[in-house]
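> Contents of final-v8.txt (compact mmCIF, C-alpha atoms and all ligand atoms) are given next:
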```txt
# COMPACT_ATOMS: atom_id res chain seq x y z
CA MET A 1359 -21.27 -6.89 11.45
CA LEU A 1360 -21.48 -5.78 7.80
CA VAL A 1361 -18.95 -3.15 6.74
CA LEU A 1362 -18.70 -1.33 3.42
CA VAL A 1363 -15.02 -0.81 2.61
CA ILE A 1364 -14.31 2.10 0.28
CA ASN A 1365 -11.08 2.86 -1.55
CA SER A 1366 -11.78 6.14 -3.25
CA GLY A 1367 -9.41 7.36 -5.95
CA SER A 1368 -9.56 10.57 -7.95
CA SER A 1369 -11.45 8.91 -10.82
CA SER A 1370 -12.35 5.51 -9.38
CA LEU A 1371 -14.10 4.00 -6.40
CA LYS A 1372 -13.41 0.43 -5.27
CA TYR A 1373 -15.75 -1.17 -2.79
CA GLN A 1374 -16.37 -4.37 -0.86
CA VAL A 1375 -19.17 -5.38 1.45
CA ARG A 1376 -17.62 -7.56 4.17
CA ASP A 1377 -19.06 -9.74 6.87
CA VAL A 1378 -16.45 -9.11 9.55
CA ALA A 1379 -17.29 -12.05 11.83
CA ALA A 1380 -17.27 -14.53 8.95
CA GLY A 1381 -14.25 -12.87 7.28
CA SER A 1382 -16.12 -13.08 3.97
CA VAL A 1383 -16.73 -10.78 1.01
CA LEU A 1384 -20.45 -10.45 0.13
CA ALA A 1385 -20.10 -8.08 -2.80
CA GLU A 1386 -17.38 -6.10 -4.50
CA GLY A 1387 -16.83 -3.86 -7.46
CA LEU A 1388 -15.09 -0.95 -9.09
CA ILE A 1389 -16.62 2.23 -10.48
CA GLU A 1390 -14.33 3.95 -12.96
CA GLU A 1391 -14.11 7.15 -14.99
CA ILE A 1392 -15.65 9.28 -12.27
CA GLY A 1393 -15.91 12.88 -13.42
CA MET A 1394 -15.10 11.97 -17.01
CA GLY A 1395 -18.60 11.45 -18.31
CA ASN A 1396 -22.11 12.77 -18.23
CA GLY A 1397 -23.71 10.33 -15.79
CA GLY A 1398 -25.14 8.28 -18.61
CA ASP A 1399 -27.67 10.83 -19.90
CA GLY A 1400 -27.37 9.34 -23.34
CA ASP A 1401 -25.87 12.10 -25.49
CA GLY A 1402 -23.16 9.78 -26.70
CA GLU A 1403 -20.35 10.91 -24.40
CA ILE A 1404 -18.51 8.55 -22.01
CA GLU A 1405 -21.00 7.26 -19.51
CA GLY A 1406 -19.02 7.57 -16.28
CA PRO A 1407 -20.62 9.01 -13.15
CA ARG A 1408 -20.40 12.79 -12.88
CA ASP A 1409 -18.88 12.82 -9.40
CA HIS A 1410 -18.26 10.70 -6.29
CA ALA A 1411 -21.85 11.17 -5.10
CA GLU A 1412 -23.14 9.71 -8.33
CA ALA A 1413 -20.56 6.89 -8.15
CA LEU A 1414 -21.88 6.10 -4.69
CA GLU A 1415 -25.42 5.86 -6.07
CA GLN A 1416 -24.09 3.26 -8.52
CA VAL A 1417 -22.41 1.36 -5.66
CA ASP A 1418 -25.67 1.45 -3.68
CA ALA A 1419 -27.65 0.17 -6.67
CA ALA A 1420 -25.12 -2.60 -7.38
CA ILE A 1421 -25.06 -3.77 -3.76
CA HIS A 1422 -28.84 -3.64 -3.58
CA ALA A 1423 -29.22 -5.65 -6.79
CA GLU A 1424 -26.80 -8.28 -5.50
CA LEU A 1425 -27.74 -8.52 -1.83
CA GLY A 1426 -31.19 -6.92 -1.47
CA ASP A 1427 -31.82 -4.87 1.70
CA LEU A 1428 -28.94 -5.13 4.09
CA ASP A 1429 -28.05 -3.66 7.40
CA LEU A 1430 -24.69 -1.96 7.02
CA ALA A 1431 -23.09 -1.19 10.39
CA ALA A 1432 -20.34 1.13 9.16
CA VAL A 1433 -18.16 2.31 6.31
CA GLY A 1434 -14.38 1.91 6.44
CA HIS A 1435 -12.24 4.15 4.22
CA ARG A 1436 -8.72 3.53 3.06
CA VAL A 1437 -7.15 6.95 3.56
CA VAL A 1438 -3.69 7.29 2.10
CA HIS A 1439 -2.18 10.02 4.26
CA GLY A 1440 -2.66 10.48 7.99
CA GLY A 1441 0.34 12.82 8.36
CA GLU A 1442 1.85 13.04 11.85
CA ARG A 1443 -1.50 13.14 13.56
CA PHE A 1444 -3.07 9.75 12.89
CA ALA A 1445 -1.41 6.68 14.39
CA GLU A 1446 -4.60 4.61 14.49
CA PRO A 1447 -7.94 4.23 12.69
CA VAL A 1448 -10.47 6.89 13.81
CA LEU A 1449 -14.20 7.47 13.80
CA ILE A 1450 -14.85 10.25 11.28
CA ASP A 1451 -16.65 13.48 12.15
CA ASN A 1452 -16.48 16.93 10.55
CA GLU A 1453 -13.30 17.85 12.37
CA ILE A 1454 -11.55 14.63 11.28
CA THR A 1455 -12.69 15.17 7.68
CA ARG A 1456 -11.20 18.67 7.74
CA ALA A 1457 -7.98 17.28 9.26
CA ILE A 1458 -7.71 14.77 6.40
CA GLU A 1459 -8.37 17.62 3.97
CA ARG A 1460 -5.58 19.68 5.52
CA LEU A 1461 -3.22 16.84 4.58
CA ASN A 1462 -4.14 17.22 0.87
CA PRO A 1463 -0.81 18.89 -0.02
CA LEU A 1464 1.03 15.77 1.21
CA ALA A 1465 -1.05 13.41 -0.96
CA PRO A 1466 -2.56 15.59 -3.69
CA LEU A 1467 -3.80 12.67 -5.79
CA HIS A 1468 -5.30 10.64 -2.97
CA ASN A 1469 -6.54 12.53 0.08
CA PRO A 1470 -8.90 14.86 -1.85
CA ALA A 1471 -10.55 11.74 -3.34
CA ASN A 1472 -10.85 10.16 0.11
CA VAL A 1473 -12.55 13.32 1.38
CA LEU A 1474 -14.97 13.32 -1.56
CA GLY A 1475 -15.91 9.73 -0.73
CA ILE A 1476 -16.38 10.51 2.97
CA ARG A 1477 -18.57 13.57 2.26
CA ALA A 1478 -20.67 11.70 -0.32
CA ILE A 1479 -21.44 8.98 2.23
CA ALA A 1480 -22.12 11.46 5.04
CA LYS A 1481 -24.69 13.13 2.79
CA LYS A 1482 -26.36 9.93 1.64
CA TRP A 1483 -26.29 8.01 4.94
CA PRO A 1484 -25.82 10.65 7.67
CA ASP A 1485 -26.33 8.15 10.51
CA LEU A 1486 -23.86 5.54 9.30
CA PRO A 1487 -20.58 5.59 11.25
CA GLN A 1488 -17.51 6.09 9.06
CA VAL A 1489 -13.97 5.12 10.01
CA ALA A 1490 -10.70 6.26 8.40
CA VAL A 1491 -7.91 3.68 8.20
CA PHE A 1492 -4.64 5.35 7.26
CA ASP A 1493 -1.95 3.87 5.04
CA THR A 1494 0.70 5.80 6.99
CA ALA A 1495 -0.50 5.01 10.53
CA PHE A 1496 1.45 1.79 11.17
CA HIS A 1497 4.69 3.69 10.50
CA ARG A 1498 4.07 6.32 13.18
CA SER A 1499 6.26 4.14 15.40
CA LEU A 1500 9.39 4.90 13.30
CA PRO A 1501 12.14 6.42 15.46
CA GLU A 1502 13.23 9.92 14.46
CA HIS A 1503 16.58 8.72 13.09
CA ALA A 1504 14.62 6.64 10.56
CA TRP A 1505 12.11 9.30 9.51
CA ARG A 1506 14.37 12.36 9.27
CA TYR A 1507 15.93 13.49 6.02
CA ALA A 1508 19.27 15.25 6.41
CA VAL A 1509 18.06 18.52 4.90
CA PRO A 1510 17.64 21.94 6.57
CA ASP A 1511 15.40 21.64 9.61
CA SER A 1512 12.98 24.24 8.23
CA LEU A 1513 11.92 21.87 5.46
CA TYR A 1514 10.53 19.60 8.14
CA THR A 1515 9.16 22.26 10.47
CA SER A 1516 7.59 24.44 7.75
CA HIS A 1517 6.71 21.92 5.05
CA GLY A 1518 6.35 18.57 6.82
CA ILE A 1519 9.12 17.08 4.68
CA ARG A 1520 10.00 13.81 6.42
CA ARG A 1521 9.56 10.11 5.78
CA TYR A 1522 6.00 8.88 6.42
CA GLY A 1523 5.89 5.40 4.83
CA PHE A 1524 2.88 3.76 3.14
CA HIS A 1525 1.24 0.34 2.71
CA GLY A 1526 0.93 0.37 6.51
CA THR A 1527 -2.38 -1.49 6.61
CA SER A 1528 -0.86 -4.35 4.63
CA HIS A 1529 2.42 -4.43 6.58
CA GLU A 1530 0.51 -4.51 9.87
CA TYR A 1531 -1.91 -7.22 8.75
CA VAL A 1532 0.89 -9.39 7.38
CA THR A 1533 2.98 -8.89 10.53
CA HIS A 1534 0.10 -10.20 12.67
CA ARG A 1535 -0.44 -13.20 10.42
CA ALA A 1536 3.27 -14.04 10.18
CA ALA A 1537 3.66 -13.91 13.98
CA ALA A 1538 0.63 -16.19 14.33
CA LEU A 1539 1.97 -18.64 11.74
CA LEU A 1540 5.32 -18.82 13.53
CA ASP A 1541 3.58 -18.98 16.91
CA VAL A 1542 5.56 -15.97 18.17
CA PRO A 1543 3.86 -13.35 20.39
CA LEU A 1544 3.40 -10.16 18.32
CA GLU A 1545 5.51 -8.11 20.78
CA GLU A 1546 8.41 -10.48 20.16
CA PHE A 1547 8.19 -10.55 16.36
CA ASP A 1548 11.33 -9.13 14.70
CA GLY A 1549 11.40 -9.47 10.93
CA VAL A 1550 11.29 -7.94 7.49
CA ILE A 1551 8.10 -7.69 5.43
CA ALA A 1552 8.38 -7.23 1.65
CA HIS A 1553 5.11 -5.98 0.10
CA LEU A 1554 5.80 -6.43 -3.61
CA GLY A 1555 2.94 -5.34 -5.83
CA ASN A 1556 2.79 -2.76 -8.58
CA GLY A 1557 3.78 -0.43 -5.73
CA ALA A 1558 6.36 -2.04 -3.48
CA SER A 1559 7.80 -1.37 -0.05
CA VAL A 1560 9.74 -3.23 2.61
CA THR A 1561 9.33 -2.70 6.34
CA ALA A 1562 11.56 -3.47 9.31
CA ILE A 1563 9.52 -4.85 12.21
CA GLN A 1564 10.85 -4.91 15.76
CA GLY A 1565 8.66 -6.10 18.60
CA GLY A 1566 5.70 -6.18 16.20
CA LYS A 1567 6.13 -2.47 15.34
CA SER A 1568 7.40 -0.70 12.24
CA VAL A 1569 10.86 0.77 12.89
CA ASP A 1570 11.80 1.56 9.29
CA THR A 1571 10.19 1.38 5.88
CA SER A 1572 11.37 2.03 2.35
CA MET A 1573 8.72 4.47 1.13
CA GLY A 1574 9.29 7.99 2.40
CA PHE A 1575 7.74 11.43 1.93
CA THR A 1576 5.81 9.86 -0.96
CA PRO A 1577 5.43 6.28 -2.20
CA LEU A 1578 8.25 6.92 -4.70
CA GLU A 1579 11.21 6.23 -2.41
CA GLY A 1580 12.81 2.84 -1.95
CA LEU A 1581 12.36 -0.26 -4.06
CA VAL A 1582 12.21 -0.54 -7.83
CA MET A 1583 8.47 -0.84 -8.59
CA GLY A 1584 6.19 -1.50 -11.57
CA THR A 1585 6.48 2.02 -12.97
CA ARG A 1586 8.32 3.91 -10.18
CA SER A 1587 12.08 4.32 -9.94
CA GLY A 1588 12.48 4.06 -6.17
CA ASP A 1589 15.77 5.48 -4.82
CA LEU A 1590 18.00 7.59 -7.01
CA ASP A 1591 20.47 10.42 -6.64
CA PRO A 1592 18.34 13.57 -6.18
CA SER A 1593 20.88 15.53 -8.23
CA ILE A 1594 19.52 13.79 -11.31
CA LEU A 1595 16.38 15.90 -10.91
CA VAL A 1596 18.42 19.09 -10.58
CA PHE A 1597 20.36 18.10 -13.67
CA LEU A 1598 17.19 17.43 -15.67
CA GLY A 1599 15.52 20.57 -14.31
CA ARG A 1600 18.44 22.63 -15.63
CA ALA A 1601 18.02 20.85 -18.95
CA GLY A 1602 14.44 22.12 -19.14
CA TRP A 1603 12.35 19.31 -17.66
CA THR A 1604 9.30 20.67 -15.81
CA PRO A 1605 8.12 19.31 -12.42
CA GLU A 1606 5.29 17.54 -14.28
CA ASP A 1607 7.77 15.94 -16.71
CA LEU A 1608 9.85 14.68 -13.77
CA ASP A 1609 6.79 13.43 -11.92
CA THR A 1610 5.60 11.47 -14.95
CA MET A 1611 9.04 10.02 -15.64
CA LEU A 1612 9.65 8.91 -12.04
CA ASN A 1613 6.16 7.61 -11.22
CA ARG A 1614 4.85 6.28 -14.53
CA GLU A 1615 7.74 5.55 -16.86
CA SER A 1616 10.42 4.11 -14.62
CA GLY A 1617 10.84 0.91 -12.60
CA LEU A 1618 10.31 -2.40 -14.43
CA LYS A 1619 8.55 -0.53 -17.22
CA GLY A 1620 11.42 1.88 -17.71
CA LEU A 1621 14.03 -0.86 -17.70
CA ALA A 1622 12.21 -3.70 -19.48
CA GLY A 1623 9.25 -2.06 -21.24
CA SER A 1624 6.58 -3.77 -19.09
CA ASN A 1625 5.38 -3.23 -15.53
CA ASP A 1626 3.98 -6.77 -15.34
CA MET A 1627 6.36 -9.07 -13.47
CA ARG A 1628 5.01 -12.11 -15.33
CA SER A 1629 6.01 -10.70 -18.73
CA VAL A 1630 9.38 -9.54 -17.46
CA VAL A 1631 10.19 -12.99 -16.04
CA GLU A 1632 9.02 -14.68 -19.24
CA ALA A 1633 11.05 -12.32 -21.41
CA SER A 1634 14.13 -12.86 -19.27
CA GLU A 1635 13.71 -16.64 -19.46
CA ALA A 1636 13.45 -16.28 -23.26
CA GLY A 1637 16.82 -14.51 -23.33
CA ASP A 1638 15.81 -10.82 -23.34
CA ALA A 1639 18.79 -8.92 -21.89
CA ARG A 1640 16.79 -5.84 -20.85
CA ALA A 1641 14.37 -8.00 -18.87
CA ALA A 1642 17.27 -9.82 -17.19
CA THR A 1643 18.82 -6.48 -16.21
CA ALA A 1644 15.47 -5.24 -14.84
CA LEU A 1645 15.15 -8.35 -12.65
CA ALA A 1646 18.72 -8.05 -11.45
CA VAL A 1647 18.33 -4.37 -10.51
CA THR A 1648 14.97 -5.00 -8.81
CA SER A 1649 16.05 -8.06 -6.82
CA TYR A 1650 19.40 -6.49 -5.86
CA ARG A 1651 17.69 -3.34 -4.53
CA LEU A 1652 15.33 -5.43 -2.42
CA ALA A 1653 18.13 -7.67 -1.11
CA LYS A 1654 20.10 -4.55 -0.11
CA TYR A 1655 17.11 -3.25 1.87
CA ILE A 1656 16.59 -6.63 3.54
CA GLY A 1657 20.23 -6.60 4.63
CA ALA A 1658 19.88 -3.07 5.97
CA TYR A 1659 16.68 -3.91 7.85
CA HIS A 1660 18.26 -7.04 9.29
CA VAL A 1661 20.59 -4.56 11.02
CA ALA A 1662 17.75 -2.12 11.83
CA VAL A 1663 15.81 -4.72 13.82
CA GLY A 1664 18.88 -6.13 15.58
CA GLY A 1665 18.73 -9.41 13.67
CA ALA A 1666 15.62 -10.36 11.72
CA LYS A 1667 14.05 -13.64 12.74
CA ALA A 1668 11.79 -13.97 9.68
CA LEU A 1669 11.48 -12.70 6.11
CA VAL A 1670 7.97 -12.40 4.69
CA PHE A 1671 6.83 -11.91 1.09
CA THR A 1672 3.38 -10.53 0.24
CA ALA A 1673 1.24 -8.81 -2.49
CA GLY A 1674 0.98 -9.65 -6.21
CA ILE A 1675 4.65 -10.41 -6.92
CA GLY A 1676 5.57 -11.51 -3.39
CA GLU A 1677 2.70 -14.02 -3.27
CA ASN A 1678 2.86 -15.30 -6.84
CA SER A 1679 6.29 -15.02 -8.38
CA HIS A 1680 8.44 -17.92 -7.17
CA GLN A 1681 11.05 -16.83 -9.72
CA PHE A 1682 11.38 -13.37 -8.19
CA ARG A 1683 11.43 -14.72 -4.62
CA SER A 1684 14.22 -17.05 -5.59
CA LEU A 1685 16.23 -14.26 -7.28
CA VAL A 1686 16.06 -12.28 -4.03
CA ALA A 1687 16.87 -15.27 -1.81
CA ASP A 1688 19.91 -16.07 -3.98
CA ARG A 1689 21.35 -12.71 -2.92
CA LEU A 1690 20.72 -13.35 0.79
CA GLY A 1691 23.22 -16.16 1.39
CA ALA A 1692 25.07 -13.91 3.85
CA LEU A 1693 21.98 -14.04 6.11
CA GLY A 1694 21.94 -17.83 5.93
CA ILE A 1695 18.66 -17.85 4.01
CA VAL A 1696 17.94 -21.04 2.05
CA LEU A 1697 14.67 -21.51 0.14
CA ASP A 1698 13.14 -24.95 -0.36
CA ALA A 1699 12.73 -25.02 -4.15
CA GLY A 1700 9.71 -27.33 -3.92
CA LEU A 1701 7.88 -25.28 -1.28
CA ASN A 1702 8.74 -22.06 -3.09
CA ALA A 1703 7.15 -23.36 -6.28
CA VAL A 1704 3.83 -24.30 -4.61
CA ARG A 1705 0.90 -22.05 -5.61
CA SER A 1706 -1.44 -21.42 -2.71
CA LYS A 1707 -3.61 -18.73 -1.11
CA GLU A 1708 -2.56 -19.87 2.37
CA PRO A 1709 0.20 -18.38 4.53
CA ARG A 1710 3.16 -20.74 4.39
CA VAL A 1711 6.87 -21.31 5.03
CA ILE A 1712 9.03 -21.67 1.89
CA SER A 1713 12.51 -22.07 3.42
CA THR A 1714 14.32 -25.29 4.40
CA PRO A 1715 14.80 -26.28 8.06
CA ALA A 1716 18.49 -25.46 7.51
CA SER A 1717 17.70 -21.81 6.68
CA ALA A 1718 19.01 -19.45 9.40
CA ILE A 1719 15.60 -17.77 9.51
CA PRO A 1720 12.25 -18.86 8.08
CA VAL A 1721 11.04 -17.29 4.85
CA LEU A 1722 7.26 -16.97 4.57
CA VAL A 1723 4.64 -16.12 1.99
CA VAL A 1724 1.64 -14.46 3.64
CA PRO A 1725 -1.19 -13.24 1.38
CA THR A 1726 -2.24 -9.71 2.24
CA ASP A 1727 -5.85 -8.54 2.45
CA GLU A 1728 -6.07 -4.80 2.99
CA GLU A 1729 -9.87 -4.73 2.70
CA ARG A 1730 -10.20 -7.34 5.41
CA ALA A 1731 -7.84 -5.38 7.66
CA ILE A 1732 -9.84 -2.18 7.02
CA ALA A 1733 -13.15 -3.93 7.74
CA GLU A 1734 -11.81 -5.39 11.00
CA ALA A 1735 -10.32 -2.08 12.11
CA THR A 1736 -13.60 -0.33 11.28
CA ALA A 1737 -15.63 -2.83 13.29
CA ALA A 1738 -13.24 -2.47 16.25
CA VAL A 1739 -13.47 1.35 16.23
CA VAL A 1740 -17.26 1.33 15.96
CA HIS A 1741 -17.50 -1.27 18.69
CA SER A 1742 -15.33 0.66 21.13
CA ALA A 1743 -17.13 3.95 20.30
CA GLY A 1744 -20.55 2.40 20.79
P1 LIG B 1 -0.55 -5.98 -6.86
O1 LIG B 1 -0.26 -4.51 -7.01
O2 LIG B 1 -0.34 -6.49 -5.46
O3 LIG B 1 -1.86 -6.40 -7.46
O4 LIG B 1 0.58 -6.74 -7.74
C1 LIG B 1 0.72 -6.53 -9.11
C2 LIG B 1 2.00 -7.20 -9.58
O5 LIG B 1 1.93 -8.60 -9.24
C3 LIG B 1 2.26 -7.13 -11.08
O6 LIG B 1 3.63 -6.85 -11.33
C4 LIG B 1 1.94 -8.52 -11.56
O7 LIG B 1 2.69 -8.85 -12.68
C5 LIG B 1 2.38 -9.35 -10.36
N1 LIG B 1 1.74 -10.67 -10.39
C6 LIG B 1 0.46 -10.99 -10.21
N2 LIG B 1 0.26 -12.32 -10.39
C7 LIG B 1 1.47 -12.83 -10.68
C8 LIG B 1 1.95 -14.15 -10.98
N3 LIG B 1 1.14 -15.20 -11.03
N4 LIG B 1 3.29 -14.29 -11.23
C9 LIG B 1 4.11 -13.24 -11.20
N5 LIG B 1 3.73 -11.98 -10.93
C10 LIG B 1 2.42 -11.78 -10.67
```
Could I get this file's structure written as structure tokens?

Amino acid sequence: MLVLVINSGSSSLKYQVRDVAAGSVLAEGLIEEIGMGNGGDGDGEIEGPRDHAEALEQVDAAIHAELGDLDLAAVGHRVVHGGERFAEPVLIDNEITRAIERLNPLAPLHNPANVLGIRAIAKKWPDLPQVAVFDTAFHRSLPEHAWRYAVPDSLYTSHGIRRYGFHGTSHEYVTHRAAALLDVPLEEFDGVIAHLGNGASVTAIQGGKSVDTSMGFTPLEGLVMGTRSGDLDPSILVFLGRAGWTPEDLDTMLNRESGLKGLAGSNDMRSVVEASEAGDARAATALAVTSYRLAKYIGAYHVAVGGAKALVFTAGIGENSHQFRSLVADRLGALGIVLDAGLNAVRSKEPRVISTPASAIPVLVVPTDEERAIAEATAAVVHSAG
């Protein structure tokens, strides 16, 4: 079954054509600067597509040029916010599209773009089934004590202010693969998954299900990230607001100018590690703050799952930075975690164990593949609907 996976952003559209049975990628690409140009009509302005429909024409042309005629079975969309309604991937119809649109206030940068992508495809290929795979869905299993904020009840009941969690597709995929690698039935897998990319979150898994996760109402809460602050005292915002900062100023500072970038001047873990190794004190501080925050969460989630039986690293930093993994592990002696320096240093695209046999629990590196997870979920939904 061939599935087109779409990750539609406000000004970009990422795509992959996947052969689900073979687990392979047949074509992939990225269309950028949507809505910023003139569609290439040659008057010298930026030549981005005018809108998502035009971007989709470019995707269609690119796929056609690369693969010729092909028989797509479905389209799978990464949809950022599924609110409280969506706990699983769903087949999209008009009502579902409107439901995703109603969640726009919760994800103002992402859900409107997802809806534009869905509508553009429905118009171009009206008979092609479309499936929405939600980034929040895996965390619908959080117990209320983990998703509630201790603020007046009306903020939840009237405004939907609660913790939702994100990166769910990745956390779920990695959980399945880690359980398989350890030969543990999914329902018995208790562990902690650290998805460490430019955005980063950590999830507590009990019985194969998410029971807590570090991102909250938005992807800002929790860990120190590439450009996001993660947790801080909310009074800082009140303080800055009184000093004249606007909501937009605060948003930019917290989401784009903080994290590794705010502390060390770069959001690229490679540069920060290199700078620290070369003696840069700001970079060393950034690594200490970032690894300490993660270690604190891992300790907390060890408690949340009633004793984690595995720790798993994934995504850009988690899969590639042996230095960062070792900084975190160094802080986890209280959990009896011991990395094998040799195994930790190995570069590989395969899921693997990087702890010693003496470690109280195994530490794993499991590469994530959100597009693969979306393609598989899409095929499963279409199959069961058909
Ligand atoms: P992602 O968002 O999953 O693509 O991850 C992006 C992050 O992974 C950035 O901070 C990169 O610096 C980091 N990263 C990617 N490759 C490496 C590598 N070889 N060593 C260290 N960090 C890496």
> Just want the residues within 12 Å of ligand LIG 1 (chain B), written as a PyMOL selection string, counting all atoms listed in the file.
chain A and resi 1525+1528+1552-1559+1582-1586+1617-1619+1624-1632+1645+1648+1671-1683+1703-1707+1725-1728
> Based on the selection just made, write C-alpha atoms of those residues as an mmCIF file, keeping the file's coordinate frame.

```
data_model
loop_
_atom_site.group_PDB
_atom_site.id
_atom_site.type_symbol
_atom_site.label_atom_id
_atom_site.label_comp_id
_atom_site.auth_asym_id
_atom_site.auth_seq_id
_atom_site.Cartn_x
_atom_site.Cartn_y
_atom_site.Cartn_z
ATOM 1 C CA HIS A 1525 1.240 0.340 2.710
ATOM 2 C CA SER A 1528 -0.860 -4.350 4.630
ATOM 3 C CA ALA A 1552 8.380 -7.230 1.650
ATOM 4 C CA HIS A 1553 5.110 -5.980 0.100
ATOM 5 C CA LEU A 1554 5.800 -6.430 -3.610
ATOM 6 C CA GLY A 1555 2.940 -5.340 -5.830
ATOM 7 C CA ASN A 1556 2.790 -2.760 -8.580
ATOM 8 C CA GLY A 1557 3.780 -0.430 -5.730
ATOM 9 C CA ALA A 1558 6.360 -2.040 -3.480
ATOM 10 C CA SER A 1559 7.800 -1.370 -0.050
ATOM 11 C CA VAL A 1582 12.210 -0.540 -7.830
ATOM 12 C CA MET A 1583 8.470 -0.840 -8.590
ATOM 13 C CA GLY A 1584 6.190 -1.500 -11.570
ATOM 14 C CA THR A 1585 6.480 2.020 -12.970
ATOM 15 C CA ARG A 1586 8.320 3.910 -10.180
ATOM 16 C CA GLY A 1617 10.840 0.910 -12.600
ATOM 17 C CA LEU A 1618 10.310 -2.400 -14.430
ATOM 18 C CA LYS A 1619 8.550 -0.530 -17.220
ATOM 19 C CA SER A 1624 6.580 -3.770 -19.090
ATOM 20 C CA ASN A 1625 5.380 -3.230 -15.530
ATOM 21 C CA ASP A 1626 3.980 -6.770 -15.340
ATOM 22 C CA MET A 1627 6.360 -9.070 -13.470
ATOM 23 C CA ARG A 1628 5.010 -12.110 -15.330
ATOM 24 C CA SER A 1629 6.010 -10.700 -18.730
ATOM 25 C CA VAL A 1630 9.380 -9.540 -17.460
ATOM 26 C CA VAL A 1631 10.190 -12.990 -16.040
ATOM 27 C CA GLU A 1632 9.020 -14.680 -19.240
ATOM 28 C CA LEU A 1645 15.150 -8.350 -12.650
ATOM 29 C CA THR A 1648 14.970 -5.000 -8.810
ATOM 30 C CA PHE A 1671 6.830 -11.910 1.090
ATOM 31 C CA THR A 1672 3.380 -10.530 0.240
ATOM 32 C CA ALA A 1673 1.240 -8.810 -2.490
ATOM 33 C CA GLY A 1674 0.980 -9.650 -6.210
ATOM 34 C CA ILE A 1675 4.650 -10.410 -6.920
ATOM 35 C CA GLY A 1676 5.570 -11.510 -3.390
ATOM 36 C CA GLU A 1677 2.700 -14.020 -3.270
ATOM 37 C CA ASN A 1678 2.860 -15.300 -6.840
ATOM 38 C CA SER A 1679 6.290 -15.020 -8.380
ATOM 39 C CA HIS A 1680 8.440 -17.920 -7.170
ATOM 40 C CA GLN A 1681 11.050 -16.830 -9.720
ATOM 41 C CA PHE A 1682 11.380 -13.370 -8.190
ATOM 42 C CA ARG A 1683 11.430 -14.720 -4.620
ATOM 43 C CA ALA A 1703 7.150 -23.360 -6.280
ATOM 44 C CA VAL A 1704 3.830 -24.300 -4.610
ATOM 45 C CA ARG A 1705 0.900 -22.050 -5.610
ATOM 46 C CA SER A 1706 -1.440 -21.420 -2.710
ATOM 47 C CA LYS A 1707 -3.610 -18.730 -1.110
ATOM 48 C CA PRO A 1725 -1.190 -13.240 1.380
ATOM 49 C CA THR A 1726 -2.240 -9.710 2.240
ATOM 50 C CA ASP A 1727 -5.850 -8.540 2.450
ATOM 51 C CA GLU A 1728 -6.070 -4.800 2.990
#
```
> What gap, in Å, lies between CA of Val1569 (chain A) and CA of Leu1685 (chain A)?
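Separation of CA of Val1569 (chain A) and CA of Leu1685 (chain A): 25.7 Å.
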> Between CA of Leu1464 (chain A) and CA of His1439 (chain A), what is the distance in Å, rounded to a tenth?
7.3 Å
> One decimal, Å: what's the distance from CA of His1410 (chain A) over to CA of Asn1365 (chain A), could you say?
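CA of Asn1365 (chain A) lies 11.6 Å from CA of His1410 (chain A).
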> Write out as a PDB file with C-alpha atoms, in the coordinates of the input the residues lying within 9 Å of Ala1646 (chain A), counting all atoms listed in the file and excluding same-chain residues fewer than 5 positions away.

```pdb
ATOM      1  CA  ALA A1641      14.370  -8.000 -18.870  1.00  0.00           C
ATOM      2  CA  ARG A1651      17.690  -3.340  -4.530  1.00  0.00           C
ATOM      3  CA  LEU A1685      16.230 -14.260  -7.280  1.00  0.00           C
ATOM      4  CA  VAL A1686      16.060 -12.280  -4.030  1.00  0.00           C
TER       5      VAL A1686
END
```
> Please determine, counting only C-alpha atoms, which residue among A:Val1491, A:Val1438, A:Ala1735, A:Met1611 has the shortest atom-to-atom distance to Pro1466 (chain A).
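Closest residue, counting only C-alpha atoms: A:Val1438.
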> Measuring atom to atom with all atoms listed in the file, identify which of A:Asp1591, A:Glu1442, A:Glu1530, A:Asp1493 is nearest to Pro1577 (chain A).
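Among A:Asp1591, A:Glu1442, A:Glu1530, A:Asp1493, it is A:Asp1493 that comes nearest to Pro1577 (chain A).
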> Report, as AutoDock Vina command-line options, the centre and edge lengths in Å (one decimal) of the axis-aligned box enclosing every listed atom of region 1492-1496 of chain A, padded by 4 Å on each side.

```
--center_x -1.6 --center_y 3.8 --center_z 8.1 --size_x 14.1 --size_y 12.0 --size_z 14.1
```
> Using only C-alpha atoms for the distances, tell me which of A:Gly1434, A:Phe1547, A:Ala1457, A:Ala1423 is nearest to Arg1730 (chain A).
A:Gly1434
> When you count all atoms listed in the file, which of these residues is closest to Leu1608 (chain A): A:Ser1713, A:Gln1416, A:Ser1587, A:Ser1512?
A:Ser1587
